[in-house]
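> Handing you a structure now.
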Amino acid sequence: MIASRTCTATRPTITAGIIDAQSVRAAATVPTASRGYDGGKKVPGRKRHIVTDTLGLLLVVAVTAANIGDRDAAVGLLTWLRYLHRGITLVWAVPVFGIGSLEPRPWR
């Protein structure tokens, strides 16, 4: 990852990230224990929770059942992020993650 960051003339250390989630339909072969229903998007299946750096490179990924809330999944995701990338001091999130604003704001 450091090689790709230096090719773009940015600092090789990662200091900020962006957290987001996406619901995806699960195939019929996916066990029902790992599937859920996202009532907000009306999608049965799973949910991907990701944290990327400001270049869009993946830092942390978690896959949960779709009925797991974004705020609940973010707790574990941010814990792993802190463990794997100690230099991150800022994470942007949308209001669904519990920030409470209509504009994306930093999480500290």
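By convention here, the chains of the structure tokens are called A, B, ... in the order presented, each chain's residues are numbered starting at 1, and ligands are numbered starting at 1 in the order presented.
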Give me, as an NGL selection string, all polymer residues having an atom no more than 12 Å from Val30 in chain A, counting only C-alpha atoms and skipping those fewer than 3 positions away in the same chain.

:A and (25-27 or 33-36 or 44-46 or 65)

> So that I can see what lies close to Ile14 in chain A, please list as a PDB file with all heavy atoms, in the first residue's frame the residues with an atom at most 8 Å from it, counting only C-alpha atoms and leaving out residues fewer than 2 positions away in the same chain.


ATOM      1  N   ARG A  11       1.546  11.614   1.082  1.00  0.00           N
ATOM      2  CA  ARG A  11       2.342  11.109   2.201  1.00  0.00           C
ATOM      3  C   ARG A  11       2.145   9.602   2.340  1.00  0.00           C
ATOM      4  O   ARG A  11       1.030   9.119   2.239  1.00  0.00           O
ATOM      5  CB  ARG A  11       1.917  11.796   3.501  1.00  0.00           C
ATOM      6  CG  ARG A  11       2.404  13.214   3.584  1.00  0.00           C
ATOM      7  CD  ARG A  11       2.126  13.781   4.943  1.00  0.00           C
ATOM      8  NE  ARG A  11       0.732  14.206   4.958  1.00  0.00           N
ATOM      9  CZ  ARG A  11       0.022  14.374   6.051  1.00  0.00           C
ATOM     10  NH1 ARG A  11       0.547  14.144   7.220  1.00  0.00           N
ATOM     11  NH2 ARG A  11      -1.215  14.763   5.991  1.00  0.00           N
ATOM     12  N   PRO A  12       3.225   8.851   2.582  1.00  0.00           N
ATOM     13  CA  PRO A  12       3.082   7.395   2.679  1.00  0.00           C
ATOM     14  C   PRO A  12       2.364   6.934   3.948  1.00  0.00           C
ATOM     15  O   PRO A  12       1.964   5.796   4.033  1.00  0.00           O
ATOM     16  CB  PRO A  12       4.515   6.878   2.634  1.00  0.00           C
ATOM     17  CG  PRO A  12       5.367   8.024   2.981  1.00  0.00           C
ATOM     18  CD  PRO A  12       4.617   9.261   2.601  1.00  0.00           C
ATOM     19  N   ALA A  16      -6.167   9.522   7.553  1.00  0.00           N
ATOM     20  CA  ALA A  16      -7.618   9.694   7.498  1.00  0.00           C
ATOM     21  C   ALA A  16      -8.263   8.549   6.731  1.00  0.00           C
ATOM     22  O   ALA A  16      -7.632   7.925   5.881  1.00  0.00           O
ATOM     23  CB  ALA A  16      -7.970  11.020   6.834  1.00  0.00           C
ATOM     24  N   GLY A  17      -9.524   8.277   7.067  1.00  0.00           N
ATOM     25  CA  GLY A  17     -10.254   7.216   6.397  1.00  0.00           C
ATOM     26  C   GLY A  17     -11.714   7.572   6.226  1.00  0.00           C
ATOM     27  O   GLY A  17     -12.190   8.573   6.758  1.00  0.00           O
ATOM     28  N   ASP A  53      -8.884   4.445   2.784  1.00  0.00           N
ATOM     29  CA  ASP A  53      -8.139   5.688   2.992  1.00  0.00           C
ATOM     30  C   ASP A  53      -8.674   6.716   2.011  1.00  0.00           C
ATOM     31  O   ASP A  53      -9.622   6.460   1.273  1.00  0.00           O
ATOM     32  CB  ASP A  53      -6.629   5.470   2.859  1.00  0.00           C
ATOM     33  CG  ASP A  53      -6.195   5.095   1.460  1.00  0.00           C
ATOM     34  OD1 ASP A  53      -7.049   4.995   0.563  1.00  0.00           O
ATOM     35  OD2 ASP A  53      -4.990   4.905   1.258  1.00  0.00           O
ATOM     36  N   HIS A  85      -4.064   0.196  11.946  1.00  0.00           N
ATOM     37  CA  HIS A  85      -3.549   1.460  11.400  1.00  0.00           C
ATOM     38  C   HIS A  85      -3.547   2.518  12.497  1.00  0.00           C
ATOM     39  O   HIS A  85      -4.466   3.336  12.587  1.00  0.00           O
ATOM     40  CB  HIS A  85      -4.395   1.911  10.199  1.00  0.00           C
ATOM     41  CG  HIS A  85      -4.455   0.914   9.101  1.00  0.00           C
ATOM     42  ND1 HIS A  85      -3.426   0.746   8.204  1.00  0.00           N
ATOM     43  CD2 HIS A  85      -5.399   0.002   8.765  1.00  0.00           C
ATOM     44  CE1 HIS A  85      -3.744  -0.214   7.360  1.00  0.00           C
ATOM     45  NE2 HIS A  85      -4.938  -0.680   7.678  1.00  0.00           N
ATOM     46  N   GLY A  87      -1.900   5.164  12.890  1.00  0.00           N
ATOM     47  CA  GLY A  87      -1.715   6.547  12.485  1.00  0.00           C
ATOM     48  C   GLY A  87      -2.987   7.275  12.090  1.00  0.00           C
ATOM     49  O   GLY A  87      -2.989   8.488  11.904  1.00  0.00           O
ATOM     50  N   ILE A  88      -4.108   6.549  11.979  1.00  0.00           N
ATOM     51  CA  ILE A  88      -5.361   7.194  11.571  1.00  0.00           C
ATOM     52  C   ILE A  88      -5.883   8.043  12.727  1.00  0.00           C
ATOM     53  O   ILE A  88      -6.043   7.563  13.843  1.00  0.00           O
ATOM     54  CB  ILE A  88      -6.405   6.148  11.165  1.00  0.00           C
ATOM     55  CG1 ILE A  88      -5.916   5.419   9.947  1.00  0.00           C
ATOM     56  CG2 ILE A  88      -7.762   6.781  10.989  1.00  0.00           C
ATOM     57  CD1 ILE A  88      -6.818   5.347   8.790  1.00  0.00           C
TER      58      ILE A  88
END

> Which polymer residues have any atom within 7 Å of an atom of Gln22 in chain A, counting only C-alpha atoms, with same-chain residues fewer than 2 positions away left out, as a compact mmCIF listing (two decimals) with C-alpha atoms, in the first residue's frame?


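Wrote around-v7.txt, looks like this:
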# COMPACT_ATOMS: atom_id res chain seq x y z
CA VAL A 24 -25.97 -6.94 -1.25
CA LYS A 47 -23.92 -6.14 4.31
CA ARG A 48 -20.35 -5.04 3.54
CA HIS A 49 -18.81 -2.56 5.95

> CA of Arg82 in chain A and CA of Thr64 in chain A, how far apart in Å?

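Atom-to-atom, CA of Thr64 in chain A to CA of Arg82 in chain A, that is 19.7 Å.
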
> Find the distance between CA of Thr54 in chain A and CA of Thr89 in chain A and write it in Å to one decimal.

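Pair CA of Thr54 in chain A / CA of Thr89 in chain A returns 12.5 Å.
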
> Hey, can you check how far CA of Pro31 in chain A sits from CA of Val75 in chain A?

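Atom-to-atom, CA of Pro31 in chain A to CA of Val75 in chain A, that is 24.7 Å.
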
> Which is closer to Ile19 in chain A than all the others in A:Ala93, A:Leu81, A:Ile68, A:Leu59, using only C-alpha atoms?

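Nearest to Ile19 in chain A: A:Ala93.
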